[in-house]
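*Asks:* Take a look at upload_21.cif, mmCIF, C-alpha atoms and all ligand atoms:
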data_coords
loop_
_atom_site.label_atom_id
_atom_site.label_comp_id
_atom_site.auth_asym_id
_atom_site.auth_seq_id
_atom_site.Cartn_x
_atom_site.Cartn_y
_atom_site.Cartn_z
CA MET A 357 151.65 109.00 187.62
CA LYS A 358 148.66 107.90 185.52
CA PHE A 359 145.87 110.46 185.41
CA LYS A 360 142.85 111.72 183.50
CA THR A 361 142.65 115.35 182.48
CA GLN A 362 140.32 117.60 180.49
CA VAL A 363 140.95 119.92 177.55
CA ILE A 364 140.67 123.59 178.61
CA GLN A 365 141.55 125.30 175.33
CA THR A 366 142.80 124.62 171.81
CA ASN A 367 144.29 126.96 169.28
CA TYR A 368 146.29 126.81 166.02
CA LEU A 369 149.90 127.92 166.45
CA SER A 370 150.52 127.35 162.73
CA PRO A 371 148.56 125.67 159.91
CA SER A 372 149.67 122.19 161.09
CA VAL A 373 150.35 122.64 164.81
CA LYS A 374 147.76 122.84 167.55
CA GLN A 375 148.37 124.19 171.02
CA ILE A 376 146.28 122.17 173.48
CA LEU A 377 145.85 123.19 177.11
CA PHE A 378 144.88 120.50 179.61
CA HIS A 379 143.83 120.92 183.22
CA ARG A 380 146.92 120.34 185.43
CA PRO A 381 145.94 118.00 188.24
CA PRO A 382 147.01 118.86 191.79
CA GLY A 383 150.30 117.12 192.63
CA PHE A 384 151.48 116.95 189.01
CA GLU A 385 155.07 118.24 189.23
CA PHE A 386 157.56 118.19 186.35
CA LEU A 387 160.89 119.57 185.26
CA ALA A 388 161.09 121.84 182.21
CA GLY A 389 161.92 119.62 179.22
CA GLN A 390 160.01 116.53 180.36
CA PHE A 391 157.17 114.88 178.45
CA VAL A 392 153.85 113.16 179.07
CA THR A 393 152.58 110.00 177.38
CA VAL A 394 149.08 110.30 175.90
CA ARG A 395 147.15 107.02 175.65
CA PHE A 396 143.84 106.13 174.08
CA ARG A 397 142.10 103.20 172.37
CA ASN A 398 141.53 103.50 168.65
CA LYS A 399 138.32 102.36 166.98
CA PHE A 400 139.67 98.78 166.77
CA GLY A 401 140.29 98.74 170.53
CA LYS A 402 144.07 98.95 170.15
CA MET A 403 145.87 100.98 172.82
CA ILE A 404 147.90 103.81 171.24
CA LYS A 405 150.59 105.60 173.27
CA ARG A 406 152.73 108.56 172.19
CA GLN A 407 154.98 111.01 173.99
CA TYR A 408 154.59 114.81 173.91
CA SER A 409 156.94 117.39 175.43
CA ILE A 410 155.28 119.79 177.84
CA SER A 411 155.57 123.28 176.36
CA SER A 412 154.29 125.19 179.40
CA ALA A 413 156.51 126.10 182.34
CA PRO A 414 156.54 124.19 185.64
CA THR A 415 155.25 127.41 187.21
CA ASP A 416 152.08 127.40 185.07
CA PHE A 417 150.10 125.61 187.74
CA LYS A 418 146.69 125.76 186.04
CA PHE A 419 147.47 123.86 182.84
CA ILE A 420 149.71 121.44 180.95
CA GLU A 421 150.31 122.70 177.43
CA LEU A 422 151.23 120.58 174.40
CA ALA A 423 152.12 121.70 170.86
CA VAL A 424 151.16 118.92 168.44
CA THR A 425 152.02 118.61 164.74
CA LEU A 426 149.33 116.88 162.70
CA VAL A 427 151.07 113.92 161.03
CA LYS A 428 149.15 112.71 157.94
CA GLY A 429 147.54 109.39 158.83
CA GLY A 430 149.07 109.51 162.32
CA PRO A 431 146.63 108.10 164.90
CA CYS A 432 147.68 110.04 167.98
CA SER A 433 148.26 113.45 166.43
CA THR A 434 144.88 113.13 164.65
CA TYR A 435 143.22 112.15 167.95
CA LEU A 436 144.75 115.17 169.70
CA HIS A 437 143.87 117.58 166.88
CA ASN A 438 140.24 116.44 167.03
CA LEU A 439 139.85 117.08 170.77
CA LYS A 440 137.24 119.60 171.90
CA ILE A 441 137.07 121.67 175.07
CA GLY A 442 135.96 119.46 177.98
CA ASP A 443 137.10 116.15 176.40
CA GLU A 444 138.81 113.77 178.80
CA VAL A 445 142.30 112.44 178.00
CA GLU A 446 144.46 109.84 179.73
CA MET A 447 148.10 110.67 180.38
CA ILE A 448 151.09 109.13 182.08
CA GLY A 449 153.98 111.20 183.34
CA PRO A 450 155.96 113.22 183.67
CA ALA A 451 159.02 111.39 182.33
CA GLY A 452 162.24 112.07 180.44
CA GLU A 453 165.76 113.19 181.13
CA PHE A 454 165.97 116.02 178.58
CA VAL A 455 166.24 118.70 181.26
CA LEU A 456 168.73 121.47 181.89
CA SER A 457 171.95 120.14 183.35
CA THR A 458 172.63 123.03 185.71
CA ILE A 459 169.89 125.45 186.53
CA GLU A 460 172.02 127.70 188.67
CA GLY A 461 174.99 129.64 187.31
CA ARG A 462 175.40 131.80 184.24
CA TYR A 463 176.09 129.04 181.74
CA LYS A 464 175.68 129.72 178.04
CA LYS A 465 173.21 127.30 176.59
CA THR A 466 172.17 127.01 172.94
CA PHE A 467 168.85 125.36 172.08
CA ILE A 468 168.51 124.11 168.48
CA CYS A 469 165.19 122.80 167.17
CA THR A 470 162.90 122.39 164.23
CA GLY A 471 159.09 122.23 164.24
CA THR A 472 157.49 121.21 167.53
CA GLY A 473 160.98 120.42 168.82
CA VAL A 474 160.63 123.92 170.26
CA ALA A 475 158.14 122.64 172.88
CA PRO A 476 160.55 121.57 175.66
CA PHE A 477 162.64 124.71 175.06
CA ARG A 478 159.65 126.97 175.59
CA SER A 479 159.17 125.36 178.98
CA MET A 480 162.87 125.74 179.83
CA ILE A 481 162.98 129.35 178.60
CA TRP A 482 160.07 130.42 180.82
CA ASP A 483 161.65 128.47 183.67
CA VAL A 484 165.04 130.19 183.62
CA VAL A 485 165.11 133.34 181.46
CA PRO A 486 162.97 135.63 183.68
CA ASN A 487 165.02 134.53 186.70
CA ASN A 488 168.18 135.50 184.84
CA THR A 489 169.91 132.29 185.93
CA ASN A 490 171.23 131.35 182.49
CA PHE A 491 172.26 132.88 179.19
CA ILE A 492 170.05 131.15 176.62
CA ARG A 493 170.13 131.25 172.84
CA LEU A 494 167.27 129.67 170.88
CA VAL A 495 167.79 128.76 167.22
CA ALA A 496 164.49 127.57 165.75
CA GLY A 497 164.01 126.29 162.22
CA TYR A 498 160.85 126.08 160.09
CA ARG A 499 160.03 126.11 156.41
CA CYS A 500 158.20 129.47 156.31
CA LYS A 501 157.30 132.31 158.64
CA GLU A 502 153.71 131.06 159.11
CA ASP A 503 155.15 127.79 160.53
CA ALA A 504 157.17 129.59 163.23
CA LEU A 505 155.81 128.60 166.65
CA TYR A 506 155.54 131.10 169.54
CA HIS A 507 157.39 133.60 167.31
CA ASN A 508 155.94 136.83 168.75
CA GLU A 509 156.41 135.55 172.28
CA PHE A 510 160.11 134.76 171.73
CA GLU A 511 160.70 138.06 169.93
CA SER A 512 159.22 139.98 172.80
CA LEU A 513 161.15 137.95 175.39
CA SER A 514 164.39 138.64 173.53
CA HIS A 515 163.67 142.39 173.76
CA GLN A 516 162.74 142.15 177.42
CA TYR A 517 165.63 140.02 178.69
CA GLU A 518 169.24 140.53 177.75
CA ASN A 519 170.08 136.93 178.69
CA PHE A 520 167.87 135.58 175.88
CA LEU A 521 168.71 135.58 172.17
CA TYR A 522 166.31 134.32 169.51
CA LYS A 523 167.30 133.30 166.01
CA LEU A 524 164.73 132.21 163.44
CA CYS A 525 165.86 130.12 160.42
CA LEU A 526 163.44 129.77 157.51
CA SER A 527 164.48 127.21 154.91
CA ARG A 528 161.91 127.99 152.21
CA GLU A 529 160.76 131.54 152.83
CA ASN A 530 161.04 133.67 149.72
CA ASN A 531 159.25 136.80 150.88
CA PRO A 532 161.78 139.66 150.28
CA GLU A 533 160.01 141.76 152.93
CA TYR A 534 161.07 139.42 155.72
CA PRO A 535 164.38 140.27 157.37
CA TYR A 536 165.37 136.60 157.55
CA LYS A 537 168.08 134.91 155.57
CA LYS A 538 166.88 131.73 153.81
CA GLU A 539 168.66 129.05 155.81
CA ARG A 540 168.33 125.87 157.82
CA VAL A 541 169.50 125.56 161.41
CA THR A 542 172.40 123.47 160.08
CA ASP A 543 173.46 126.30 157.70
CA TRP A 544 173.41 128.73 160.61
CA LEU A 545 175.49 126.35 162.72
CA LYS A 546 178.06 125.76 159.98
CA ASP A 547 178.46 129.55 159.53
CA GLU A 548 178.90 130.13 163.26
CA LYS A 549 182.60 130.95 163.54
CA VAL A 550 182.98 130.82 167.30
CA LEU A 551 180.52 128.54 168.97
CA MET A 552 179.42 130.83 171.78
CA THR A 553 178.04 128.08 173.93
CA SER A 554 178.98 125.78 176.76
CA GLU A 555 176.17 123.33 176.23
CA THR A 556 173.93 122.59 173.25
CA TYR A 557 170.47 121.08 173.47
CA ILE A 558 168.87 119.70 170.29
CA CYS A 559 165.25 118.65 169.81
CA GLY A 560 163.25 117.48 166.80
CA LEU A 561 163.19 114.74 164.21
CA ASP A 562 166.06 112.27 164.11
CA ARG A 563 167.64 113.49 160.86
CA MET A 564 168.05 117.08 162.05
CA VAL A 565 169.34 115.97 165.47
CA THR A 566 171.95 113.71 163.81
CA ASP A 567 173.04 116.45 161.35
CA VAL A 568 173.36 119.07 164.09
CA GLU A 569 175.25 116.71 166.38
CA LYS A 570 177.73 115.89 163.60
CA ILE A 571 178.42 119.58 162.91
CA LEU A 572 178.94 120.22 166.63
CA LEU A 573 181.40 117.33 166.93
CA ASP A 574 183.24 118.58 163.81
CA LYS A 575 183.51 121.91 165.61
CA ASN A 576 185.18 120.11 168.51
CA CYS A 577 182.26 120.27 170.91
CA GLN A 578 182.54 117.68 173.63
CA PRO A 579 179.92 114.90 173.48
CA LYS A 580 179.23 115.48 177.18
CA ASP A 581 178.06 119.02 176.37
CA ILE A 582 175.50 117.89 173.77
CA TYR A 583 172.01 116.88 174.91
CA TYR A 584 169.22 115.77 172.61
CA GLU A 585 165.62 114.56 172.38
CA ARG A 586 164.58 112.72 169.23
CA TYR A 587 160.91 112.71 168.27
CA ASP A 588 161.16 109.69 165.90
C1 LIG B 601 160.09 112.31 173.92
C2 LIG B 601 159.19 112.70 172.77
C3 LIG B 601 158.56 113.92 172.79
C4 LIG B 601 157.72 114.30 171.73
N1 LIG B 601 157.13 115.52 171.77
C5 LIG B 601 156.34 115.91 170.73
C6 LIG B 601 155.74 117.20 170.73
O1 LIG B 601 155.90 118.00 171.68
N2 LIG B 601 154.95 117.53 169.68
C7 LIG B 601 154.74 116.67 168.60
O2 LIG B 601 154.01 117.05 167.67
N3 LIG B 601 155.31 115.45 168.59
C8 LIG B 601 156.08 115.04 169.62
N4 LIG B 601 156.64 113.78 169.61
C9 LIG B 601 156.23 112.84 168.53
C10 LIG B 601 154.95 112.09 168.95
O3 LIG B 601 155.21 111.24 170.03
C11 LIG B 601 154.38 111.22 167.82
O4 LIG B 601 155.40 110.42 167.29
C12 LIG B 601 153.75 112.04 166.71
O5 LIG B 601 152.68 112.84 167.19
C13 LIG B 601 153.22 111.10 165.61
O6 LIG B 601 152.31 110.19 166.19
P1 LIG B 601 151.06 109.66 165.38
O7 LIG B 601 150.45 108.55 166.15
O8 LIG B 601 150.16 110.78 164.97
O9 LIG B 601 151.69 109.14 164.02
P2 LIG B 601 152.65 107.92 163.71
O10 LIG B 601 151.99 107.00 162.78
O11 LIG B 601 153.21 107.35 164.97
O12 LIG B 601 153.76 108.79 162.91
C14 LIG B 601 154.98 108.33 162.69
C15 LIG B 601 155.89 109.35 161.99
O13 LIG B 601 155.51 110.71 162.18
C16 LIG B 601 156.67 111.54 162.11
N5 LIG B 601 156.66 112.50 163.23
C17 LIG B 601 156.69 112.25 164.55
N6 LIG B 601 156.66 113.40 165.26
C18 LIG B 601 156.59 114.39 164.36
C19 LIG B 601 156.55 115.79 164.49
N7 LIG B 601 156.52 116.40 165.69
N8 LIG B 601 156.52 116.53 163.37
C20 LIG B 601 156.51 115.94 162.13
N9 LIG B 601 156.56 114.59 161.97
C21 LIG B 601 156.59 113.84 163.06
C22 LIG B 601 157.85 110.61 162.24
O14 LIG B 601 158.53 110.50 160.99
C23 LIG B 601 157.27 109.30 162.63
O15 LIG B 601 157.97 108.21 162.15
C24 LIG B 601 157.50 113.40 170.64
C25 LIG B 601 158.16 112.16 170.62
C26 LIG B 601 158.99 111.81 171.67
C27 LIG B 601 159.69 110.47 171.62
#
What is this structure when it is put down as structure tokens?
*Replies:*
Amino acid sequence: MKFKTQVIQTNYLSPSVKQILFHRPPGFEFLAGQFVTVRFRNKFGKMIKRQYSISSAPTDFKFIELAVTLVKGGPCSTYLHNLKIGDEVEMIGPAGEFVLSTIEGRYKKTFICTGTGVAPFRSMIWDVVPNNTNFIRLVAGYRCKEDALYHNEFESLSHQYENFLYKLCLSRENNPEYPYKKERVTDWLKDEKVLMTSETYICGLDRMVTDVEKILLDKNCQPKDIYYERYD
């Protein structure tokens, strides 16, 4: 479906990531984990198209939410970061097959991400955790605490629902007052003695996805139980 939508709200989730809420047109249905393609013409008239995972839940009927990292010199992320309330944007979608394999049943699923790779997982978490249909564990990696996206929301969800566990990995945080070990998601995964998961979903930049997948395979995870979305 090709459609035009308007910006409802924008907000910084971290110094480099903007949360952008767009009006959700009637009839726009999607599965948690899917993405939209944003398209626009740059100042030279060239059509630019990039994909963005929807970070809101399918049950948020009023808006489509994106979480966008500003990439230095990147045309589309710069375009999205410069949007103001009321601006019109062209999108195509939804699309993508990075969706939960089995929504019903108490499967243990581990979500591993870095940066805005958390976006599709936020949609999935709101889709299944409150309905108690799955046991979900989110392992999210950033450089420092101020980069952590939706941190308070995930902390509060993990207190509210016993079927949701949240683990934050900070690779460069040196503040001794924070109760977080300095580690990457890959360090956490290597240290995990028993992989308490039936399925693992990985989302983020190619290098992290490849590293995580290799560790999982070394731990004898079955390739059929590993799902991933690469952002580059
Ligand atoms: C299925 C899919 C879903 C995606 N969902 C998101 C999303 O929810 N949020 C988001 O910010 N991006 C997402 N991306 C990446 C997005 O499509 C663009 O690649 C990104 O915004 C850069 O586009 P650009 O035109 O600004 O820069 P370009 O000039 O196209 O930048 C190219 C380089 O930017 C780097 N890059 C791409 N994405 C990121 C990122 N998220 N963080 C840091 N560096 C990055 C890569 O190294 C890439 O080679 C997704 C990509 C795919 C394929």
*Asks:* Could you list, as a ChimeraX atom specification, all the residues within 9 Å of ligand LIG 601 (chain B), counting only C-alpha atoms and all ligand atoms?
*Replies:* /A:373-374,390-394,404-411,422-436,451-452,454,470-476,559-562,585-588
*Asks:* Contacts between range 565-578 of chain A and range 441-546 of chain A, please, where a residue of range 441-546 of chain A counts if it comes within 9 Å (with all atoms listed in the file); show its shortest atom pair and distance in Å to one decimal, rows by chain and ascending number, as JSON lines.
*Replies:*
{"residue": "A:Ile468", "atom": "CA", "partner": "A:Val568", "partner_atom": "CA", "distance": 8.3}
{"residue": "A:Cys469", "atom": "CA", "partner": "A:Val565", "partner_atom": "CA", "distance": 8.2}
{"residue": "A:Val541", "atom": "CA", "partner": "A:Val568", "partner_atom": "CA", "distance": 8.0}
{"residue": "A:Thr542", "atom": "CA", "partner": "A:Val568", "partner_atom": "CA", "distance": 6.0}
{"residue": "A:Leu545", "atom": "CA", "partner": "A:Ile571", "partner_atom": "CA", "distance": 7.4}
{"residue": "A:Lys546", "atom": "CA", "partner": "A:Ile571", "partner_atom": "CA", "distance": 6.8}
*Asks:* Using only C-alpha atoms for the distances, tell me which of A:Asp416, A:Ile448, A:Asn508, A:Asn398 is nearest to Phe359 in chain A.
*Replies:*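 The shortest atom-to-atom distance to Phe359 in chain A comes from A:Ile448.
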*Asks:* Which residue out of A:Thr466, A:Lys360, A:Asp443, A:Lys501 has the minimum interatomic distance to Glu533 in chain A when only C-alpha atoms are used?
*Replies:* A:Lys501
*Asks:* Hey, can you pull every residue with an atom no more than 12 Å from (162.0, 140.8, 159.0), using all atoms listed in the file, and send it as an MDAnalysis selection string?
*Replies:* chainID A and resid 501 507 511 523:526 529:538
*Asks:* One decimal, Å: what's the distance from CA of Arg478 in chain A over to CA of Tyr506 in chain A, could you say?
*Replies:*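 Separation between CA of Arg478 in chain A and CA of Tyr506 in chain A: 8.4 Å.
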*Asks:* Please identify all polymer residues lying at most 6 Å from the point (158.5, 125.0, 179.1) (file coordinates), using all atoms listed in the file, and present the result as a ChimeraX atom specification.
*Replies:* /A:388,411-413,476-480,482
*Asks:* Write the residues of the selection above to a file with C-alpha atoms, as an mmCIF file, in the coordinates of the input.
*Replies:*
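What follows is the written file selection-v3.cif:
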data_model
loop_
_atom_site.group_PDB
_atom_site.id
_atom_site.type_symbol
_atom_site.label_atom_id
_atom_site.label_comp_id
_atom_site.auth_asym_id
_atom_site.auth_seq_id
_atom_site.Cartn_x
_atom_site.Cartn_y
_atom_site.Cartn_z
ATOM 1 C CA ALA A 388 161.090 121.840 182.210
ATOM 2 C CA SER A 411 155.570 123.280 176.360
ATOM 3 C CA SER A 412 154.290 125.190 179.400
ATOM 4 C CA ALA A 413 156.510 126.100 182.340
ATOM 5 C CA PRO A 476 160.550 121.570 175.660
ATOM 6 C CA PHE A 477 162.640 124.710 175.060
ATOM 7 C CA ARG A 478 159.650 126.970 175.590
ATOM 8 C CA SER A 479 159.170 125.360 178.980
ATOM 9 C CA MET A 480 162.870 125.740 179.830
ATOM 10 C CA TRP A 482 160.070 130.420 180.820
#
*Asks:* If you measure from CA of Leu494 in chain A to CA of Gln516 in chain A, what distance in Å do you get, rounded to one decimal?
*Replies:* 14.8 Å
*Asks:* Could you tell me how far CA of Lys464 in chain A lies from CA of Tyr583 in chain A, in Å and to one decimal?
*Replies:*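 Here the two named atoms are 13.7 Å from each other.
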*Asks:* Rank nothing, just name the residue among A:Pro579, A:Pro486, A:Pro450, A:Gly497 nearest to Arg380 in chain A, using all atoms listed in the file.
*Replies:*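 Nearest to Arg380 in chain A: A:Pro450.
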*Asks:* Grab all the atoms of range 526-545 of chain A that the file lists, wrap them in a box along x, y and z, add 6 Å per side, and give me centre plus edge lengths in Å (one decimal) as lines of an AutoDock Vina configuration file.
*Replies:*
center_x = 167.4
center_y = 132.6
center_z = 156.2
size_x = 28.2
size_y = 30.3
size_z = 25.0
*Asks:* With distances taken over all atoms listed in the file, which of A:Glu509, A:Asp547, A:Glu555, A:Asp503 is nearest to Ile582 in chain A?
*Replies:*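 Ranked by minimum distance to Ile582 in chain A, first place goes to A:Glu555.
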*Asks:* Out of A:Leu369, A:Lys399, A:Ser514, A:Phe417, which residue has the shortest atom-to-atom distance to Phe386 in chain A when counting all atoms listed in the file?
*Replies:*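 Closest candidate: A:Phe417.
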*Asks:* From the options A:Leu377, A:Ala496, A:Val363, A:Val455, which residue's atoms come nearest to Leu439 in chain A, counting all atoms listed in the file?
*Replies:* A:Val363
*Asks:* Taking the partial coordinates given, rebuild range 545-577 of chain A to contain N, CA and C atoms; return it as a PDB file, in the coordinates of the input.
*Replies:*
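Contents of out-v3.pdb, as written:
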ATOM      1  N   LEU A 545     174.476 126.940 161.848  1.00  0.00           N
ATOM      2  CA  LEU A 545     175.490 126.350 162.720  1.00  0.00           C
ATOM      3  C   LEU A 545     176.837 126.242 162.018  1.00  0.00           C
ATOM      4  N   LYS A 546     176.801 125.878 160.724  1.00  0.00           N
ATOM      5  CA  LYS A 546     178.060 125.760 159.980  1.00  0.00           C
ATOM      6  C   LYS A 546     178.740 127.125 159.862  1.00  0.00           C
ATOM      7  N   ASP A 547     177.918 128.189 159.688  1.00  0.00           N
ATOM      8  CA  ASP A 547     178.460 129.550 159.530  1.00  0.00           C
ATOM      9  C   ASP A 547     178.961 130.149 160.834  1.00  0.00           C
ATOM     10  N   GLU A 548     178.541 129.576 161.949  1.00  0.00           N
ATOM     11  CA  GLU A 548     178.900 130.130 163.260  1.00  0.00           C
ATOM     12  C   GLU A 548     180.404 129.940 163.478  1.00  0.00           C
ATOM     13  N   LYS A 549     181.136 131.061 163.474  1.00  0.00           N
ATOM     14  CA  LYS A 549     182.600 130.950 163.540  1.00  0.00           C
ATOM     15  C   LYS A 549     183.043 130.462 164.927  1.00  0.00           C
ATOM     16  N   VAL A 550     182.629 131.224 165.940  1.00  0.00           N
ATOM     17  CA  VAL A 550     182.980 130.820 167.300  1.00  0.00           C
ATOM     18  C   VAL A 550     181.705 130.319 167.946  1.00  0.00           C
ATOM     19  N   LEU A 551     181.737 129.099 168.390  1.00  0.00           N
ATOM     20  CA  LEU A 551     180.520 128.540 168.970  1.00  0.00           C
ATOM     21  C   LEU A 551     180.357 129.070 170.397  1.00  0.00           C
ATOM     22  N   MET A 552     179.559 130.136 170.495  1.00  0.00           N
ATOM     23  CA  MET A 552     179.420 130.830 171.780  1.00  0.00           C
ATOM     24  C   MET A 552     178.509 130.057 172.725  1.00  0.00           C
ATOM     25  N   THR A 553     178.920 128.867 173.084  1.00  0.00           N
ATOM     26  CA  THR A 553     178.040 128.080 173.930  1.00  0.00           C
ATOM     27  C   THR A 553     178.839 127.108 174.776  1.00  0.00           C
ATOM     28  N   SER A 554     178.343 126.809 175.943  1.00  0.00           N
ATOM     29  CA  SER A 554     178.980 125.780 176.760  1.00  0.00           C
ATOM     30  C   SER A 554     178.264 124.461 176.583  1.00  0.00           C
ATOM     31  N   GLU A 555     176.957 124.553 176.391  1.00  0.00           N
ATOM     32  CA  GLU A 555     176.170 123.330 176.230  1.00  0.00           C
ATOM     33  C   GLU A 555     175.173 123.546 175.104  1.00  0.00           C
ATOM     34  N   THR A 556     174.918 122.496 174.327  1.00  0.00           N
ATOM     35  CA  THR A 556     173.930 122.590 173.250  1.00  0.00           C
ATOM     36  C   THR A 556     172.857 121.532 173.463  1.00  0.00           C
ATOM     37  N   TYR A 557     171.621 121.961 173.340  1.00  0.00           N
ATOM     38  CA  TYR A 557     170.470 121.080 173.470  1.00  0.00           C
ATOM     39  C   TYR A 557     169.773 121.057 172.112  1.00  0.00           C
ATOM     40  N   ILE A 558     169.470 119.836 171.627  1.00  0.00           N
ATOM     41  CA  ILE A 558     168.870 119.700 170.290  1.00  0.00           C
ATOM     42  C   ILE A 558     167.569 118.919 170.422  1.00  0.00           C
ATOM     43  N   CYS A 559     166.525 119.379 169.731  1.00  0.00           N
ATOM     44  CA  CYS A 559     165.250 118.650 169.810  1.00  0.00           C
ATOM     45  C   CYS A 559     164.508 118.711 168.481  1.00  0.00           C
ATOM     46  N   GLY A 560     164.029 117.552 168.036  1.00  0.00           N
ATOM     47  CA  GLY A 560     163.250 117.480 166.800  1.00  0.00           C
ATOM     48  C   GLY A 560     163.354 116.104 166.191  1.00  0.00           C
ATOM     49  N   LEU A 561     163.142 116.043 164.876  1.00  0.00           N
ATOM     50  CA  LEU A 561     163.190 114.740 164.210  1.00  0.00           C
ATOM     51  C   LEU A 561     164.627 114.259 164.083  1.00  0.00           C
ATOM     52  N   ASP A 562     164.759 112.940 164.054  1.00  0.00           N
ATOM     53  CA  ASP A 562     166.060 112.270 164.110  1.00  0.00           C
ATOM     54  C   ASP A 562     167.090 112.833 163.123  1.00  0.00           C
ATOM     55  N   ARG A 563     166.665 113.078 161.880  1.00  0.00           N
ATOM     56  CA  ARG A 563     167.640 113.490 160.860  1.00  0.00           C
ATOM     57  C   ARG A 563     168.300 114.815 161.224  1.00  0.00           C
ATOM     58  N   MET A 564     167.488 115.778 161.681  1.00  0.00           N
ATOM     59  CA  MET A 564     168.050 117.080 162.050  1.00  0.00           C
ATOM     60  C   MET A 564     168.968 116.930 163.263  1.00  0.00           C
ATOM     61  N   VAL A 565     168.530 116.138 164.246  1.00  0.00           N
ATOM     62  CA  VAL A 565     169.340 115.970 165.470  1.00  0.00           C
ATOM     63  C   VAL A 565     170.702 115.378 165.090  1.00  0.00           C
ATOM     64  N   THR A 566     170.698 114.361 164.218  1.00  0.00           N
ATOM     65  CA  THR A 566     171.950 113.710 163.810  1.00  0.00           C
ATOM     66  C   THR A 566     172.842 114.702 163.054  1.00  0.00           C
ATOM     67  N   ASP A 567     172.241 115.478 162.127  1.00  0.00           N
ATOM     68  CA  ASP A 567     173.040 116.450 161.350  1.00  0.00           C
ATOM     69  C   ASP A 567     173.652 117.515 162.254  1.00  0.00           C
ATOM     70  N   VAL A 568     172.859 118.016 163.192  1.00  0.00           N
ATOM     71  CA  VAL A 568     173.360 119.070 164.090  1.00  0.00           C
ATOM     72  C   VAL A 568     174.469 118.506 164.981  1.00  0.00           C
ATOM     73  N   GLU A 569     174.250 117.314 165.491  1.00  0.00           N
ATOM     74  CA  GLU A 569     175.250 116.710 166.380  1.00  0.00           C
ATOM     75  C   GLU A 569     176.585 116.532 165.638  1.00  0.00           C
ATOM     76  N   LYS A 570     176.504 116.113 164.380  1.00  0.00           N
ATOM     77  CA  LYS A 570     177.730 115.890 163.600  1.00  0.00           C
ATOM     78  C   LYS A 570     178.502 117.210 163.423  1.00  0.00           C
ATOM     79  N   ILE A 571     177.761 118.281 163.099  1.00  0.00           N
ATOM     80  CA  ILE A 571     178.420 119.580 162.910  1.00  0.00           C
ATOM     81  C   ILE A 571     179.081 120.018 164.216  1.00  0.00           C
ATOM     82  N   LEU A 572     178.377 119.816 165.324  1.00  0.00           N
ATOM     83  CA  LEU A 572     178.940 120.220 166.630  1.00  0.00           C
ATOM     84  C   LEU A 572     180.215 119.439 166.927  1.00  0.00           C
ATOM     85  N   LEU A 573     180.206 118.144 166.655  1.00  0.00           N
ATOM     86  CA  LEU A 573     181.400 117.330 166.930  1.00  0.00           C
ATOM     87  C   LEU A 573     182.542 117.745 166.004  1.00  0.00           C
ATOM     88  N   ASP A 574     182.204 118.090 164.731  1.00  0.00           N
ATOM     89  CA  ASP A 574     183.240 118.580 163.810  1.00  0.00           C
ATOM     90  C   ASP A 574     183.832 119.890 164.299  1.00  0.00           C
ATOM     91  N   LYS A 575     183.023 120.640 165.069  1.00  0.00           N
ATOM     92  CA  LYS A 575     183.510 121.910 165.610  1.00  0.00           C
ATOM     93  C   LYS A 575     184.175 121.710 166.973  1.00  0.00           C
ATOM     94  N   ASN A 576     184.469 120.475 167.270  1.00  0.00           N
ATOM     95  CA  ASN A 576     185.180 120.110 168.510  1.00  0.00           C
ATOM     96  C   ASN A 576     184.380 120.307 169.794  1.00  0.00           C
ATOM     97  N   CYS A 577     183.056 120.261 169.680  1.00  0.00           N
ATOM     98  CA  CYS A 577     182.260 120.270 170.910  1.00  0.00           C
ATOM     99  C   CYS A 577     182.415 118.919 171.596  1.00  0.00           C
TER     100      CYS A 577
END
